[in-house]
Amino acid sequence: MNVERTLVISDIHGCYQEFIELLEKVDYRAVKDRLILLGDYVSRGPESKEVVDLVKHLVQEQGAIALQGNHDHRFVRVIENQASEKEIITFFENGGSETLQSYGKATKSNGLDHLKEVRDVIMGELSSHMDFLKNLPCYYEDNDYIYVHAGLNPLVSQLSE
């Protein structure tokens, strides 16, 4: 592919319509553009599920590069029942209810109360979302740059997954 532009987008946070509008505004063309998405596809906005569907499509069908953000990581940990109590609280303080609502299985007031039910549904019907999000890399490197979601520690000389 002859890349004409590299487009880098971060922190979509469940804002599906705005993400679509941004791709249209910059006239994104998969055959000419390298699209690098820096994570945080879920939380806060009303359409996290739709964003994850689109990001999966862009990666699997159009060759986009997607990295894992901290909200994506926390979402997977909460749904896979790997999160500490503090992580669960942080998830809900930072848009967790909105994320669960977008998956059609919770309301803003009952997200925590119905977490087990939501986990069962997502891990059943939508386990591909969890597999996709948890297997995203933490960085991408090309000849000129290292792309990450939230920064690099300059004291670490070797990147690892």
# chains A, B, ... in the order shown; residues from 1 in each chain; ligands from 1
>>> residues_around(residues="Leu67 in chain A", least_positions_apart="3", cutoff="12 Å", atoms="only C-alpha atoms", output="count of residues only")
35
>>> select_by_dssp(residues="chain A", states="strand (DSSP E or B)", output="number ranges by chain")
A: 5-9, 33-37, 65-66, 139-141, 146-148
>>> write_last_selection(atoms="C-alpha atoms", output="mmCIF file, in the first residue's frame")
data_model
loop_
_atom_site.group_PDB
_atom_site.id
_atom_site.type_symbol
_atom_site.label_atom_id
_atom_site.label_comp_id
_atom_site.auth_asym_id
_atom_site.auth_seq_id
_atom_site.Cartn_x
_atom_site.Cartn_y
_atom_site.Cartn_z
ATOM 1 C CA ARG A 5 -1.275 10.071 5.048
ATOM 2 C CA THR A 6 -1.107 8.713 8.558
ATOM 3 C CA LEU A 7 -4.183 9.576 10.594
ATOM 4 C CA VAL A 8 -3.960 9.167 14.368
ATOM 5 C CA ILE A 9 -7.084 9.262 16.554
ATOM 6 C CA ASP A 33 -4.393 6.266 4.515
ATOM 7 C CA ARG A 34 -2.810 4.511 7.472
ATOM 8 C CA LEU A 35 -5.274 4.825 10.349
ATOM 9 C CA ILE A 36 -3.824 4.433 13.844
ATOM 10 C CA LEU A 37 -6.291 4.369 16.723
ATOM 11 C CA ILE A 65 -3.975 -0.299 13.597
ATOM 12 C CA ALA A 66 -5.685 -0.196 16.985
ATOM 13 C CA TYR A 139 2.119 0.317 21.211
ATOM 14 C CA TYR A 140 2.848 0.468 17.505
ATOM 15 C CA GLU A 141 6.138 1.507 15.991
ATOM 16 C CA ILE A 146 6.264 5.036 18.537
ATOM 17 C CA TYR A 147 2.502 5.323 19.032
ATOM 18 C CA VAL A 148 1.028 4.725 22.484
#
>>> residues_around(residues="range 90-96 of chain A", least_positions_apart="5", cutoff="7 Å", atoms="only C-alpha atoms", output="PyMOL selection string")
chain A and resi 43-44+74
>>> residues_around(residues="range 27-31 of chain A", least_positions_apart="3", cutoff="8 Å", atoms="only C-alpha atoms", output="PyMOL selection string")
chain A and resi 1-3+23-24+34-35+62-64
>>> write_last_selection(atoms="N, CA and C atoms", output="PDB file, in the first residue's frame")
ATOM      1  N   MET A   1       0.833  -1.177   0.000  1.00  0.00           N
ATOM      2  CA  MET A   1       0.000   0.000   0.000  1.00  0.00           C
ATOM      3  C   MET A   1       0.877   1.240   0.000  1.00  0.00           C
ATOM      4  N   ASN A   2       0.545   2.171  -0.837  1.00  0.00           N
ATOM      5  CA  ASN A   2       1.241   3.447  -0.899  1.00  0.00           C
ATOM      6  C   ASN A   2       0.535   4.427   0.035  1.00  0.00           C
ATOM      7  N   VAL A   3       1.089   4.612   1.224  1.00  0.00           N
ATOM      8  CA  VAL A   3       0.456   5.460   2.236  1.00  0.00           C
ATOM      9  C   VAL A   3       0.701   6.924   1.908  1.00  0.00           C
ATOM     10  N   LEU A  23     -14.051  10.769  10.635  1.00  0.00           N
ATOM     11  CA  LEU A  23     -13.508  10.018   9.486  1.00  0.00           C
ATOM     12  C   LEU A  23     -13.981  10.620   8.167  1.00  0.00           C
ATOM     13  N   GLU A  24     -15.230  11.053   8.120  1.00  0.00           N
ATOM     14  CA  GLU A  24     -15.749  11.702   6.909  1.00  0.00           C
ATOM     15  C   GLU A  24     -15.089  13.056   6.682  1.00  0.00           C
ATOM     16  N   ARG A  34      -3.066   5.396   6.334  1.00  0.00           N
ATOM     17  CA  ARG A  34      -2.810   4.511   7.472  1.00  0.00           C
ATOM     18  C   ARG A  34      -3.564   5.125   8.645  1.00  0.00           C
ATOM     19  N   LEU A  35      -4.485   4.361   9.213  1.00  0.00           N
ATOM     20  CA  LEU A  35      -5.274   4.825  10.349  1.00  0.00           C
ATOM     21  C   LEU A  35      -4.757   4.137  11.606  1.00  0.00           C
ATOM     22  N   GLN A  62      -9.910  -3.394   6.962  1.00  0.00           N
ATOM     23  CA  GLN A  62      -9.289  -2.281   6.257  1.00  0.00           C
ATOM     24  C   GLN A  62      -7.844  -2.035   6.657  1.00  0.00           C
ATOM     25  N   GLY A  63      -7.320  -2.836   7.558  1.00  0.00           N
ATOM     26  CA  GLY A  63      -5.910  -2.731   7.906  1.00  0.00           C
ATOM     27  C   GLY A  63      -5.544  -1.622   8.867  1.00  0.00           C
ATOM     28  N   ALA A  64      -6.514  -1.041   9.551  1.00  0.00           N
ATOM     29  CA  ALA A  64      -6.191  -0.023  10.552  1.00  0.00           C
ATOM     30  C   ALA A  64      -5.411  -0.669  11.696  1.00  0.00           C
TER      31      ALA A  64
END
>>> closest_residue(among="A:Leu100, A:Ile79, A:Leu152, A:Leu115", to="Ser127 in chain A", atoms="only C-alpha atoms")
A:Ile79
>>> atom_distance(atom1="CA of Ser84 in chain A", atom2="CA of Lys116 in chain A")
14.6 Å
>>> select_by_dssp(residues="chain A", states="alpha helix (DSSP H)", output="PyMOL selection string")
chain A and resi 16-25+48-62+70-79+85-93+96-102+115-125+127-134
>>> residues_around(residues="Gly14 in chain A", least_positions_apart="3", cutoff="10 Å", atoms="only C-alpha atoms", output="number ranges by chain")
A: 11, 17-19, 40-52, 95, 98-99, 102
>>> atom_distance(atom1="CA of Leu126 in chain A", atom2="CA of Lys86 in chain A")
24.8 Å
>>> closest_residue(among="A:Val26, A:His114, A:Tyr103, A:Ile88", to="Asp53 in chain A", atoms="only C-alpha atoms")
A:Tyr103
